[in-house]
Structure formats: C-alpha cells, structure tokens
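query_35.cif follows; it contains mmCIF, C-alpha atoms.
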data_query
#
loop_
_atom_site.label_atom_id
_atom_site.label_comp_id
_atom_site.auth_asym_id
_atom_site.auth_seq_id
_atom_site.Cartn_x
_atom_site.Cartn_y
_atom_site.Cartn_z
CA MET A 1 128.91 81.84 161.02
CA HIS A 2 131.88 80.15 162.62
CA TYR A 3 130.35 78.28 165.56
CA SER A 4 133.69 77.20 166.98
CA ILE A 5 134.85 80.75 167.71
CA ASN A 6 134.37 81.58 171.39
CA ASN A 7 136.86 84.39 171.90
CA PHE A 8 137.51 87.54 169.90
CA TYR A 9 140.31 89.81 171.05
CA LYS A 10 141.34 93.24 169.82
CA PRO A 11 144.78 93.85 171.33
CA HIS A 12 146.51 97.24 171.22
CA THR A 13 150.12 96.09 170.89
CA THR A 14 152.07 93.32 169.19
CA ASP A 15 153.25 92.00 172.58
CA GLU A 16 149.66 91.80 173.81
CA ALA A 17 148.62 89.95 170.63
CA ILE A 18 151.44 87.44 170.97
CA SER A 19 150.73 86.83 174.64
CA ILE A 20 147.05 86.06 173.83
CA PHE A 21 148.16 83.73 171.02
CA GLU A 22 150.62 81.87 173.25
CA LYS A 23 147.89 80.97 175.74
CA ASN A 24 146.38 78.64 173.16
CA PRO A 25 148.54 78.53 170.01
CA ASP A 26 146.81 75.56 168.38
CA LYS A 27 143.36 77.13 168.54
CA SER A 28 144.19 80.80 167.89
CA VAL A 29 144.42 82.68 164.62
CA PHE A 30 145.45 86.25 163.78
CA LEU A 31 143.03 88.46 161.82
CA SER A 32 144.37 91.38 159.82
CA GLY A 33 141.72 92.57 157.42
CA GLY A 34 140.11 89.19 157.00
CA THR A 35 139.68 88.95 153.25
CA ASN A 36 141.25 85.49 153.37
CA LEU A 37 140.33 84.41 156.87
CA ALA A 38 136.64 85.25 156.59
CA LYS A 39 136.34 82.85 153.64
CA ASN A 40 138.13 79.98 155.33
CA ASN A 41 136.81 77.15 157.42
CA LEU A 42 137.71 78.22 160.95
CA SER A 43 136.37 75.15 162.74
CA ARG A 44 139.81 74.25 164.13
CA TYR A 45 140.09 77.60 165.92
CA ASP A 46 138.28 78.97 168.95
CA THR A 47 140.05 82.33 169.23
CA ILE A 48 140.42 85.19 166.76
CA ILE A 49 143.01 87.87 167.53
CA ASP A 50 142.17 90.98 165.50
CA ILE A 51 145.45 92.81 164.89
CA LYS A 52 143.99 95.48 162.62
CA SER A 53 141.23 97.19 164.61
CA ASN A 54 143.37 98.89 167.27
CA PHE A 55 146.68 99.12 165.44
CA LYS A 56 147.75 102.34 163.72
CA SER A 57 148.41 102.39 160.01
CA SER A 58 151.43 104.41 158.91
CA ILE A 59 153.72 104.98 155.94
CA VAL A 60 156.99 106.70 156.88
CA ASN A 61 159.28 108.10 154.20
CA SER A 62 162.88 107.69 155.40
CA GLU A 63 166.14 108.46 153.62
CA ASN A 64 166.76 104.95 152.31
CA PHE A 65 163.40 103.24 152.57
CA PHE A 66 159.67 103.49 153.20
CA GLU A 67 158.51 101.85 156.42
CA ILE A 68 154.90 100.73 156.42
CA SER A 69 153.03 99.33 159.41
CA ALA A 70 151.58 95.91 158.67
CA CYS A 71 147.97 96.94 159.32
CA THR A 72 148.05 99.65 156.63
CA SER A 73 145.32 98.90 154.11
CA LEU A 74 146.12 98.20 150.45
CA GLN A 75 144.07 101.28 149.51
CA GLU A 76 146.20 103.48 151.79
CA VAL A 77 149.33 102.12 150.10
CA LEU A 78 147.77 102.68 146.66
CA GLU A 79 146.97 106.31 147.47
CA ASN A 80 150.18 107.29 149.26
CA VAL A 81 151.69 110.27 147.46
CA ASP A 82 155.30 109.78 148.62
CA LEU A 83 155.38 106.12 147.60
CA ASN A 84 153.93 106.88 144.20
CA ASP A 85 156.20 109.88 143.65
CA TYR A 86 159.30 107.84 144.39
CA PHE A 87 158.27 104.69 142.51
CA ASP A 88 156.82 106.54 139.52
CA GLY A 89 153.17 105.64 140.22
CA PHE A 90 153.92 101.94 140.79
CA PHE A 91 151.38 101.49 143.59
CA LYS A 92 148.61 103.52 141.99
CA LYS A 93 148.99 101.61 138.75
CA TYR A 94 149.40 98.05 140.01
CA PHE A 95 147.56 97.93 143.36
CA GLN A 96 144.49 99.09 141.45
CA MET A 97 144.51 95.64 139.83
CA ILE A 98 143.92 94.01 143.22
CA GLY A 99 140.30 93.18 143.99
CA SER A 100 137.83 96.01 144.41
CA TRP A 101 137.91 99.28 146.38
CA GLN A 102 136.03 97.52 149.19
CA ILE A 103 138.54 94.67 149.35
CA ARG A 104 141.50 97.06 149.28
CA ASN A 105 139.96 98.98 152.20
CA MET A 106 139.71 95.75 154.18
CA ALA A 107 142.92 93.92 153.26
CA THR A 108 146.16 94.99 154.91
CA LEU A 109 149.68 94.86 153.55
CA GLY A 110 150.86 92.61 156.38
CA GLY A 111 147.86 90.29 156.15
CA SER A 112 148.26 89.94 152.38
CA ILE A 113 151.89 88.90 152.82
CA ALA A 114 151.36 86.64 155.82
CA SER A 115 148.58 84.63 154.18
CA ARG A 116 150.93 83.70 151.29
CA VAL A 117 148.09 82.74 148.96
CA GLY A 118 149.08 81.63 145.48
CA TRP A 119 147.09 84.25 143.61
CA SER A 120 148.41 87.18 145.64
CA ASP A 121 149.46 90.11 143.50
CA VAL A 122 150.81 91.82 146.61
CA ILE A 123 153.63 89.32 147.16
CA SER A 124 154.64 89.32 143.48
CA LEU A 125 154.62 93.13 143.36
CA LEU A 126 156.63 93.55 146.55
CA LEU A 127 159.17 90.96 145.35
CA LEU A 128 159.91 93.26 142.42
CA LEU A 129 160.94 95.96 144.85
CA ARG A 130 163.55 95.34 147.54
CA THR A 131 161.24 94.46 150.43
CA GLU A 132 161.94 93.37 153.99
CA VAL A 133 159.45 92.37 156.66
CA LYS A 134 159.79 92.60 160.42
CA ILE A 135 158.49 89.44 162.02
CA VAL A 136 157.86 89.13 165.71
CA ASN A 137 157.03 86.23 168.01
CA LYS A 138 157.43 85.50 171.73
CA ASN A 139 161.19 84.94 171.37
CA GLU A 140 162.42 87.28 168.67
CA LYS A 141 161.98 90.37 166.56
CA LYS A 142 163.88 90.35 163.29
CA TRP A 143 163.93 91.76 159.77
CA ILE A 144 163.99 89.23 156.93
CA LYS A 145 163.95 89.59 153.16
CA LEU A 146 160.55 88.97 151.62
CA GLU A 147 162.19 86.25 149.51
CA ASP A 148 162.97 84.37 152.75
CA LEU A 149 159.46 84.60 154.19
CA ASN A 150 158.69 80.90 153.80
CA LYS A 151 161.86 79.92 155.64
CA GLY A 152 161.67 82.64 158.30
CA MET A 153 158.01 83.02 159.19
CA LYS A 154 156.49 80.26 161.30
CA LYS A 155 153.28 79.80 163.24
CA GLY A 156 153.06 82.36 166.04
CA HIS A 157 154.91 85.06 164.11
CA ILE A 158 153.24 88.37 163.35
CA ILE A 159 154.38 90.72 160.61
CA GLU A 160 154.80 94.08 162.34
CA LYS A 161 156.34 96.28 159.63
CA ILE A 162 157.32 96.24 155.99
CA ARG A 163 160.26 98.15 154.53
CA ILE A 164 160.53 98.97 150.85
CA MET A 165 164.05 100.06 149.92
CA LYS A 166 164.63 102.97 147.58
CA ASN A 167 166.50 102.29 144.36
CA GLY A 168 166.47 103.54 140.80
CA SER A 169 165.21 100.58 138.78
CA LYS A 170 162.35 100.35 136.30
CA TYR A 171 159.43 98.08 137.05
CA GLY A 172 156.77 96.40 134.97
CA TYR A 173 153.94 94.06 135.90
CA LYS A 174 151.28 92.11 134.04
CA ARG A 175 148.52 89.83 135.17
CA PHE A 176 145.98 87.63 133.46
CA SER A 177 142.57 86.88 134.97
CA ARG A 178 139.19 85.80 133.68
CA THR A 179 137.71 89.20 134.53
CA GLU A 180 139.37 92.40 135.71
CA PHE A 181 137.99 91.89 139.22
CA ASP A 182 138.91 88.21 139.45
CA ILE A 183 142.05 86.78 141.05
CA GLY A 184 144.99 86.44 138.70
CA LEU A 185 145.69 83.14 136.95
CA LEU A 186 149.21 84.29 136.21
CA ASN A 187 151.14 87.36 137.19
CA CYS A 188 154.59 88.37 136.04
CA GLY A 189 156.84 91.21 137.12
CA VAL A 190 160.22 92.43 135.96
CA THR A 191 162.65 94.89 137.54
CA LEU A 192 165.30 96.08 135.09
CA LYS A 193 168.50 98.11 135.22
CA LEU A 194 170.31 98.63 131.92
CA ASP A 195 173.87 99.76 131.34
CA ASP A 196 174.57 100.72 127.75
CA ASN A 197 171.85 98.35 126.45
CA LYS A 198 173.16 95.46 128.54
CA ILE A 199 171.21 94.09 131.48
CA LYS A 200 173.06 95.22 134.60
CA ASP A 201 170.48 93.92 137.04
CA ILE A 202 167.16 92.14 136.72
CA LYS A 203 164.46 90.54 138.84
CA VAL A 204 161.88 88.17 137.38
CA VAL A 205 158.83 87.19 139.41
CA PHE A 206 155.98 84.85 138.50
CA GLY A 207 152.96 84.23 140.71
CA SER A 208 149.75 82.20 140.79
CA VAL A 209 151.49 79.03 139.74
CA PRO A 210 149.67 78.04 142.08
CA VAL A 211 152.15 78.75 144.85
CA ALA A 212 152.68 82.36 145.97
CA GLY A 213 154.75 84.62 143.76
CA LYS A 214 158.47 83.92 143.74
CA ARG A 215 161.64 85.12 142.09
CA TYR A 216 163.16 83.06 139.31
CA THR A 217 166.85 83.57 140.03
CA GLU A 218 167.91 81.07 137.34
CA ILE A 219 166.16 83.14 134.67
CA GLU A 220 167.65 86.32 136.18
CA ASN A 221 171.18 84.85 136.12
CA ALA A 222 170.78 83.75 132.51
CA LEU A 223 169.63 87.23 131.44
CA ARG A 224 172.09 89.31 133.49
CA GLY A 225 174.87 90.67 131.28
CA GLU A 226 172.96 89.98 128.06
CA GLU A 227 172.38 92.65 125.47
CA ILE A 228 168.67 93.61 125.69
CA TYR A 229 167.69 92.45 122.17
CA GLU A 230 169.35 89.08 122.83
CA ALA A 231 167.58 88.86 126.20
CA ILE A 232 164.20 89.44 124.54
CA GLU A 233 165.06 86.77 121.95
CA ILE A 234 166.06 84.08 124.44
CA SER A 235 163.51 84.81 127.17
CA PRO A 236 160.81 82.39 125.85
CA GLU A 237 163.32 79.56 125.83
CA LEU A 238 164.36 80.36 129.40
CA VAL A 239 160.71 80.27 130.48
CA ASN A 240 160.38 76.86 128.79
CA GLU A 241 163.33 75.53 130.74
CA MET A 242 162.98 77.16 134.12
CA PHE A 243 159.36 78.20 134.81
CA ASP A 244 157.47 75.76 137.03
CA GLY A 245 153.89 76.72 136.22
CA LYS A 246 151.30 74.08 136.87
CA ALA A 247 147.76 73.41 135.75
CA SER A 248 144.80 74.51 137.85
CA PRO A 249 141.04 74.05 137.36
CA PHE A 250 140.95 77.39 135.53
CA ILE A 251 144.02 77.23 133.31
CA SER A 252 146.08 74.52 131.70
CA ARG A 253 149.82 74.18 132.26
CA GLU A 254 150.48 74.80 128.55
CA TYR A 255 148.46 78.01 128.49
CA ARG A 256 150.24 79.26 131.61
CA PHE A 257 153.61 78.63 129.93
CA GLU A 258 152.57 80.52 126.78
CA LEU A 259 151.34 83.45 128.88
CA ALA A 260 154.55 83.45 130.90
CA LYS A 261 156.66 83.63 127.72
CA VAL A 262 154.61 86.49 126.29
CA PHE A 263 154.53 88.44 129.56
CA LEU A 264 158.28 88.19 130.13
CA SER A 265 159.30 89.25 126.62
CA GLU A 266 156.69 92.04 126.54
CA LEU A 267 157.87 93.42 129.88
CA LEU A 268 161.51 93.35 128.76
CA MET A 269 160.53 95.26 125.62
CA GLU A 270 158.41 97.78 127.51
CA LEU A 271 161.02 98.49 130.16
CA ALA A 272 163.84 98.80 127.63
CA GLY A 273 161.71 101.00 125.36
CA VAL A 274 161.99 98.52 122.50
CA LYS A 275 159.17 98.54 119.93
CA LEU A 276 158.18 95.59 117.79
CA MET B 1 128.93 88.52 173.15
CA LYS B 2 126.74 91.53 173.86
CA THR B 3 127.99 94.88 172.66
CA ILE B 4 127.10 98.22 171.12
CA LEU B 5 127.18 98.83 167.37
CA ASN B 6 126.92 102.40 166.11
CA ILE B 7 124.74 102.26 163.02
CA ASN B 8 123.71 105.35 161.09
CA GLY B 9 124.63 107.54 164.04
CA LYS B 10 122.64 105.62 166.62
CA ASP B 11 123.83 103.04 169.17
CA TYR B 12 122.24 99.58 169.01
CA THR B 13 122.75 96.80 171.53
CA ALA B 14 123.56 93.66 169.62
CA GLU B 15 124.11 90.12 170.79
CA PHE B 16 126.06 87.83 168.50
CA SER B 17 128.51 84.99 168.41
CA GLU B 18 132.20 85.91 168.17
CA GLY B 19 132.44 84.24 164.74
CA GLU B 20 129.45 86.01 163.15
CA LYS B 21 129.78 88.37 160.21
CA LEU B 22 128.45 91.91 160.17
CA ASP B 23 125.89 91.42 157.36
CA LYS B 24 123.93 88.88 159.41
CA ILE B 25 123.87 91.11 162.49
CA LEU B 26 122.76 94.18 160.55
CA ARG B 27 119.91 92.23 158.97
CA ARG B 28 118.93 90.84 162.38
CA LEU B 29 118.77 94.42 163.67
CA GLY B 30 116.38 95.30 160.86
CA PHE B 31 118.74 96.82 158.28
CA LEU B 32 117.43 94.66 155.47
CA SER B 33 119.02 96.81 152.77
CA VAL B 34 122.24 94.93 153.55
CA LYS B 35 122.00 91.90 151.28
CA HIS B 36 123.35 88.49 152.13
CA SER B 37 124.20 87.27 148.68
CA CYS B 38 127.45 85.69 147.45
CA ASN B 39 128.96 85.41 150.95
CA SER B 40 132.39 85.33 149.34
CA MET B 41 133.20 89.04 148.92
CA ASP B 42 132.60 88.97 145.18
CA CYS B 43 129.34 90.80 144.47
CA GLY B 44 129.31 93.99 146.59
CA THR B 45 125.63 93.80 147.56
CA CYS B 46 126.56 93.66 151.26
CA THR B 47 128.64 96.86 151.07
CA VAL B 48 128.39 99.14 154.09
CA LEU B 49 130.51 102.11 155.10
CA ILE B 50 132.74 101.71 158.14
CA ASP B 51 134.24 105.01 159.27
CA GLY B 52 133.27 106.35 155.85
CA LYS B 53 135.01 103.65 153.79
CA PRO B 54 133.16 101.02 151.77
CA VAL B 55 133.77 97.47 152.99
CA LEU B 56 132.06 94.12 152.47
CA SER B 57 130.02 93.18 155.50
CA CYS B 58 129.93 89.49 154.52
CA GLY B 59 133.70 89.42 155.06
CA THR B 60 133.78 91.57 158.18
CA PHE B 61 133.49 90.01 161.62
CA ALA B 62 130.85 91.91 163.58
CA ALA B 63 133.19 92.04 166.57
CA SER B 64 135.68 94.01 164.47
CA ALA B 65 133.07 96.68 163.82
CA THR B 66 132.46 97.60 167.45
CA GLY B 67 133.64 101.13 168.25
CA LYS B 68 133.36 102.18 164.60
CA LYS B 69 130.74 104.14 162.67
CA ILE B 70 128.68 101.87 160.44
CA GLU B 71 126.49 103.33 157.68
CA THR B 72 123.83 101.52 155.70
CA VAL B 73 121.72 102.89 152.87
CA GLU B 74 118.94 103.70 155.38
CA SER B 75 121.06 106.72 156.40
CA LEU B 76 120.96 108.32 152.96
CA SER B 77 117.51 109.85 152.80
CA LYS B 78 116.74 112.55 155.35
CA ASN B 79 113.24 113.72 156.36
CA GLU B 80 111.70 111.69 153.54
CA LYS B 81 113.92 113.47 151.02
CA LEU B 82 116.08 111.25 148.86
CA HIS B 83 119.82 111.71 148.63
CA PRO B 84 120.86 113.38 145.32
CA LEU B 85 122.41 110.08 144.29
CA GLN B 86 119.12 108.25 144.81
CA GLU B 87 117.26 110.93 142.86
CA ALA B 88 119.76 110.65 140.03
CA LEU B 89 119.40 106.86 139.92
CA LEU B 90 115.63 107.23 139.58
CA GLU B 91 115.91 109.92 136.91
CA GLU B 92 118.43 107.92 134.89
CA ASN B 93 116.58 104.60 135.30
CA GLY B 94 119.70 103.24 136.97
CA ALA B 95 117.86 100.63 139.01
CA GLN B 96 115.91 97.68 137.67
CA CYS B 97 115.45 94.80 140.10
CA GLY B 98 117.15 96.92 142.76
CA PHE B 99 118.97 94.11 144.54
CA CYS B 100 122.43 95.62 144.07
CA ILE B 101 121.36 99.22 144.63
CA PRO B 102 121.96 99.63 148.41
CA GLY B 103 125.56 98.49 148.07
CA PHE B 104 125.98 100.48 144.89
CA GLU B 105 124.64 103.67 146.49
CA LEU B 106 126.96 103.42 149.48
CA THR B 107 130.06 102.87 147.33
CA ALA B 108 128.99 105.74 145.07
CA LYS B 109 128.36 108.00 148.07
CA ALA B 110 131.86 107.29 149.38
CA LEU B 111 133.27 107.90 145.90
CA LEU B 112 131.59 111.31 145.63
CA GLU B 113 132.90 112.25 149.06
CA LYS B 114 136.40 111.25 147.98
CA ILE B 115 136.26 112.60 144.42
CA PRO B 116 133.40 115.11 144.09
CA HIS B 117 133.55 115.16 140.28
CA PRO B 118 134.81 111.77 139.14
CA ASN B 119 135.43 111.06 135.47
CA GLU B 120 134.18 107.94 133.68
CA GLU B 121 137.42 106.03 134.27
CA GLU B 122 137.39 106.79 138.00
CA ILE B 123 133.76 105.72 138.29
CA ARG B 124 134.48 102.42 136.56
CA SER B 125 137.53 101.80 138.72
CA TYR B 126 135.93 102.60 142.08
CA MET B 127 132.61 100.90 141.29
CA LYS B 128 133.94 97.64 139.87
CA GLY B 129 133.28 95.75 143.10
CA ASN B 130 129.50 96.27 142.83
CA LEU B 131 128.03 93.79 140.39
CA CYS B 132 124.68 94.35 138.69
CA ARG B 133 122.95 91.68 136.60
CA CYS B 134 120.33 94.02 135.09
CA THR B 135 121.55 97.37 133.92
CA GLY B 136 124.89 96.94 132.18
CA TYR B 137 126.20 99.73 134.43
CA GLU B 138 125.88 102.54 131.86
CA ARG B 139 122.86 104.21 133.44
CA GLN B 140 124.24 103.79 136.93
CA HIS B 141 127.43 105.52 135.92
CA GLN B 142 125.43 108.31 134.29
CA ALA B 143 123.54 108.67 137.56
CA ILE B 144 126.78 109.13 139.49
CA MET B 145 127.85 111.82 137.00
CA LYS B 146 124.49 113.51 137.41
CA ALA B 147 124.63 113.33 141.20
CA SER B 148 128.13 114.77 141.17
CA LYS B 149 126.79 117.81 139.35
CA LYS B 150 123.85 118.10 141.77
CA THR B 151 125.98 117.86 144.89
CA GLY B 152 128.54 120.22 143.40
CA GLU B 153 125.97 122.91 142.61
#
Could the structure of this file be written out as structure tokens, please?
Amino acid sequence: MHYSINNFYKPHTTDEAISIFEKNPDKSVFLSGGTNLAKNNLSRYDTIIDIKSNFKSSIVNSENFFEISACTSLQEVLENVDLNDYFDGFFKKYFQMIGSWQIRNMATLGGSIASRVGWSDVISLLLLLRTEVKIVNKNEKKWIKLEDLNKGMKKGHIIEKIRIMKNGSKYGYKRFSRTEFDIGLLNCGVTLKLDDNKIKDIKVVFGSVPVAGKRYTEIENALRGEEIYEAIEISPELVNEMFDGKASPFISREYRFELAKVFLSELLMELAGVKL
Amino acid sequence: MKTILNINGKDYTAEFSEGEKLDKILRRLGFLSVKHSCNSMDCGTCTVLIDGKPVLSCGTFAASATGKKIETVESLSKNEKLHPLQEALLEENGAQCGFCIPGFELTAKALLEKIPHPNEEEIRSYMKGNLCRCTGYERQHQAIMKASKKTGE
C-alpha cells in the first residue's frame, strides 16, 4: 500500500488531467496502466492521475500513418489486424515477447514510452519504425520524433497519441533474457532497405544497456552504402567501437558486447536473406 | 475512499486507501482465491478478470477498478457445478498444491473465450504469465485442451 497517496483522479480528457496535475505538480503522478508505477516507491507523491481508465483506446489507419491513442494497451496493438497486415506481422511477432498476456492487457503504449525504462522492448521496437509522439502540457501540444523524446518530454507532459509512419522497409528484432518471460538484458533491432545488394538505408537500435533503447547513428552511417556482405563482415568491429553497453547485476559488459555483435550480424543476414 | 466494486456480477461497498492495490481489497472482501504472492507482477497468482481481460491485481490500483466488472475464480462454478475447465483440471491431475490454480483458471477461461480451440503453442504463449512450481505445466495444458473440447461440444 502507498500510504502517502490521498487523491486518486480519473479524468476524462487530457486538459482535465493536466489541470489536476498543475494544482500540485511536485506531488502528482500520471498513471497509464501502472506496470511500472505500481512497483515504484510512491512516497513522494500524494496524487495519482489515472489517464487510462476513462480514455478511449483507438488505432486509426490513415493514408500515410497509423495513429494510436496513448492509452491503447500493448495487447490491442499486438492484435490489430491493419497494423500487422501493413508491417508484415511485426507487432504480433515482437510484442508477444513483452511480458505476459496480463501485463500486455495492463500496460499502454503511451505509458510504456513515457516511463523510458532501460529494459523496455516497446521503445526499441518503435524506434525501428518511424514513430512520432504527440506530447501535451499546459502550454503546448506538439509532435516530436520518438528519438527526441528525452529532449522534448519534460515533467508535466502527457503523451496523447503515437503515430507510426508507413514505409516499405524490412525489420528484424532480437532480445536476450534469462527466461522468456523476464525483462530483456539486451535487445537489438535493425531496419534495412537494400538497393542492388547495397545498404540504401538502415536503422540500428540497441536497448537495455541499461538506458532505454536508442538508435546508433554512427553505426548506421558506417554501414550505409556498404555492400551487404561487407556490412555483415565489419559489423562486429563497429559494435566494438561504437556500442556503449554497460555491465549490470545480471550481465557483464563483455557478454553484452558479444551478444550485440552476434545480434547485429545475424539480423543483417536474416533481413538480407543471406545464409551462413 | 468508499466506493462500489462490481465483483462476480454483484456490487460490494468497499472502503480503501487511494494507494491500495486490488488484490488486498478483494481478499479483505472475502475473495481469498486471489493470492497475494510475489507482489511484483511476476507470478500470476493474483490474476483476476477485469471487463473479461486477465490482469494482475497486485499491480492494479483498486481505485482504477471502480466502474468495471471484476471476476474472481469464485464466479466459475455455478449451482455447485464446476466449470468445464475445473473438471478438466481435476481429471487431468492438473493441480497439486493448488496455489496457482485460481489465477491459472481465470487466464485459461479468458483464453478459451478468446480462442475456443487453442493449439499447444497458443496455450503456452497465453499462459506463460501464470507460474506453477509443482506440475511442470504439461497436465495443465492438457486440461485446457480437454476443456476446449468440452466447451466446444
């Protein structure tokens, strides 16, 4: 039980939620699913603002993007037919790796992004796609790239919507955890576009390091323009030079580096259809 | 706060602190099938259904559950007749110490409502959040298969 909590609000709109928050910003916290918040020590807060209970979940298929309301559960995203049809089963395949059915029913897409926890598969997966988030506070409403979340999203902001742009790339994702159900100790994702066996465009994401998943633009720049076999050959060296994996109580720095090298080269091979 | 919780189709007046989790409140109201175990959303023994979907009550604030339909395993048997899933668990020896079974049964019930005839892979995938330290899962999964045939008859 969190003895410090004296107020629990379930607003119906973003504006209502923000206005409650602004009455006591230092002691208020937003709840959207709660799979992170419920585990945390909440003693510094006295007010919970539940922005899931009365908000509507939605996934809208537009011409150039999918627009998803932030309170949509991870299970709803996993099961959405339009999303999976367009992205070739991406969500069904990779969101299934996240927690259990129960946790995916509770956790929301917006909450999973906003919490920015290091082991989040959601952030790493969405970084592979072209993702934007609409953040809202008392002064502004704006769309920012997911890559810019740390710069753009401050205390008092709520994520209202998420947009996933449509494009024709291939995606691959791998994660390593102690058990299938456990949080990932390393995740790696690659988005690849080839042009006549040369890398036309690429995204490389590593997560759980232990900061939240992020793009490795230096590795991407080094691989862009390379012939695919050459890229597979040099990728371990690039990981050695540019990956910033750290040790944690569950995995050594060295082991994380070895995993990162294997994951990146395997994903390049898989996406390019190259067999050993 | 004092509010109404709808549990197994019946309204209960409950008084709890704003920071309390649902598992504690359900147990206080007498629904002792809801286990307070890991308290970190890892084991699945506190699983209840909210609006038909399995969630972990140890990670759900009770205040969030007001206005929703909560189901515990007490709702499964009707007029002293066991639910087909419960019968199948008995027939297949799917329960040993029984501690995980209420959460397991609710997740399995929701699974059979979603996928009436799940295959082995689907059962493993949907049930992986319910840990059991006794059975090794094989007999429990067989019981779900058996129940799916019973309910589909």
For this file, the PyMOL selection byres ((chain B and resi 20-31) around 8) selects which residues, as a count of residues only? 23
The PyMOL selection byres ((chain A and resi 55) around 10) on the file shown: which residues, as number ranges by chain? A: 10-14, 32, 50-54, 56-58, 69-72
Next, the residues of the selection above should be written as a PDB file, keeping the file's coordinate frame with C-alpha atoms.
ATOM      1  CA  LYS A  10     141.340  93.240 169.820  1.00  0.00           C
ATOM      2  CA  PRO A  11     144.780  93.850 171.330  1.00  0.00           C
ATOM      3  CA  HIS A  12     146.510  97.240 171.220  1.00  0.00           C
ATOM      4  CA  THR A  13     150.120  96.090 170.890  1.00  0.00           C
ATOM      5  CA  THR A  14     152.070  93.320 169.190  1.00  0.00           C
ATOM      6  CA  SER A  32     144.370  91.380 159.820  1.00  0.00           C
ATOM      7  CA  ASP A  50     142.170  90.980 165.500  1.00  0.00           C
ATOM      8  CA  ILE A  51     145.450  92.810 164.890  1.00  0.00           C
ATOM      9  CA  LYS A  52     143.990  95.480 162.620  1.00  0.00           C
ATOM     10  CA  SER A  53     141.230  97.190 164.610  1.00  0.00           C
ATOM     11  CA  ASN A  54     143.370  98.890 167.270  1.00  0.00           C
ATOM     12  CA  LYS A  56     147.750 102.340 163.720  1.00  0.00           C
ATOM     13  CA  SER A  57     148.410 102.390 160.010  1.00  0.00           C
ATOM     14  CA  SER A  58     151.430 104.410 158.910  1.00  0.00           C
ATOM     15  CA  SER A  69     153.030  99.330 159.410  1.00  0.00           C
ATOM     16  CA  ALA A  70     151.580  95.910 158.670  1.00  0.00           C
ATOM     17  CA  CYS A  71     147.970  96.940 159.320  1.00  0.00           C
ATOM     18  CA  THR A  72     148.050  99.650 156.630  1.00  0.00           C
TER      19      THR A  72
END
Only residues of chain A matter here; which ones have an atom within 9 Å of chain B, counting only C-alpha atoms? Give them as an MDAnalysis selection string. chainID A and resid 1:10 33:39 42 46:48 50 52:53 96 99:106 180:182
Between atom CA of B:Glu91 and atom CA of B:Ala143, what is the distance in Å, rounded to a tenth?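 Spanning atom CA of B:Glu91 to atom CA of B:Ala143 is a straight-line distance of 7.8 Å.
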Of the candidates B:His141, B:Lys10, B:Pro116, B:Arg124, which shows the shortest atom-to-atom distance to B:Glu92, using all atoms listed in the file?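 Among B:His141, B:Lys10, B:Pro116, B:Arg124, it is B:His141 that comes nearest to B:Glu92.
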Which residues come within 12 Å of A:Phe250, counting all atoms listed in the file, excluding same-chain residues fewer than 5 positions away, as a ChimeraX atom specification? /A:176-178,182-186,208-210,255-256
Stretch 14-29 of chain A: axis-aligned bounding box, 5 Å on each side, centre and edge lengths in Å, one decimal, as lines of an AutoDock Vina configuration file:
center_x = 148.3
center_y = 84.4
center_z = 170.2
size_x = 19.9
size_y = 27.8
size_z = 21.1
Find the distance between atom CA of A:Leu128 and atom CA of A:Gly189 and write it in Å to one decimal. 6.5 Å
Need to verify the contact set: stretch 20-24 of chain A, 8 Å, all atoms listed in the file, exclusion of same-chain residues closer than 4 positions in sequence. Can you return it as a PyMOL selection string? chain A and resi 16+28-29+49+138+156
Those residues you just picked out, can you put them in a file as a tab-separated table (two decimals), keeping the file's coordinate frame with C-alpha atoms?
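So again-v2.tsv came out as:
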chain	number	residue	atom	x	y	z
A	16	GLU	CA	149.66	91.80	173.81
A	28	SER	CA	144.19	80.80	167.89
A	29	VAL	CA	144.42	82.68	164.62
A	49	ILE	CA	143.01	87.87	167.53
A	138	LYS	CA	157.43	85.50	171.73
A	156	GLY	CA	153.06	82.36	166.04
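Atom CA of A:Lys174 is positioned 16.1 Å from atom CA of A:Phe243.
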Selection dump of the PyMOL selection byres ((chain B and resi 148) around 10), as number ranges by chain: B: 84-85, 88, 108-109, 111-113, 115-119, 142-147, 149-153
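Each of A:Leu83, A:Phe263, A:Leu271, A:Lys154 was compared to A:Ile199 using only C-alpha atoms, and A:Leu271 turns out to be the nearest.
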Using only C-alpha atoms - which residues lie no farther than 10 Å from the point (164.9, 91.1, 138.9) in the file's frame? Write them as a list in words. Leu127, Leu128, Leu129, Arg130, Ser169, Lys170, Tyr171, Gly189, Val190, Thr191, Leu192, Lys193, Asp201, Ile202, Lys203, Val204, Val205, Arg215, Tyr216, Thr217, Ile219, Glu220, Asn221, Leu223 and Arg224 of chain A
How about saving the chosen residues, C-alpha atoms kept, as a PDB file, in the frame of the given file?
ATOM      1  CA  LEU A 127     159.170  90.960 145.350  1.00  0.00           C
ATOM      2  CA  LEU A 128     159.910  93.260 142.420  1.00  0.00           C
ATOM      3  CA  LEU A 129     160.940  95.960 144.850  1.00  0.00           C
ATOM      4  CA  ARG A 130     163.550  95.340 147.540  1.00  0.00           C
ATOM      5  CA  SER A 169     165.210 100.580 138.780  1.00  0.00           C
ATOM      6  CA  LYS A 170     162.350 100.350 136.300  1.00  0.00           C
ATOM      7  CA  TYR A 171     159.430  98.080 137.050  1.00  0.00           C
ATOM      8  CA  GLY A 189     156.840  91.210 137.120  1.00  0.00           C
ATOM      9  CA  VAL A 190     160.220  92.430 135.960  1.00  0.00           C
ATOM     10  CA  THR A 191     162.650  94.890 137.540  1.00  0.00           C
ATOM     11  CA  LEU A 192     165.300  96.080 135.090  1.00  0.00           C
ATOM     12  CA  LYS A 193     168.500  98.110 135.220  1.00  0.00           C
ATOM     13  CA  ASP A 201     170.480  93.920 137.040  1.00  0.00           C
ATOM     14  CA  ILE A 202     167.160  92.140 136.720  1.00  0.00           C
ATOM     15  CA  LYS A 203     164.460  90.540 138.840  1.00  0.00           C
ATOM     16  CA  VAL A 204     161.880  88.170 137.380  1.00  0.00           C
ATOM     17  CA  VAL A 205     158.830  87.190 139.410  1.00  0.00           C
ATOM     18  CA  ARG A 215     161.640  85.120 142.090  1.00  0.00           C
ATOM     19  CA  TYR A 216     163.160  83.060 139.310  1.00  0.00           C
ATOM     20  CA  THR A 217     166.850  83.570 140.030  1.00  0.00           C
ATOM     21  CA  ILE A 219     166.160  83.140 134.670  1.00  0.00           C
ATOM     22  CA  GLU A 220     167.650  86.320 136.180  1.00  0.00           C
ATOM     23  CA  ASN A 221     171.180  84.850 136.120  1.00  0.00           C
ATOM     24  CA  LEU A 223     169.630  87.230 131.440  1.00  0.00           C
ATOM     25  CA  ARG A 224     172.090  89.310 133.490  1.00  0.00           C
TER      26      ARG A 224
END
Mind listing as a count of residues only all residues within 12 Å of (156.5, 86.9, 151.5), counting only C-alpha atoms? 44
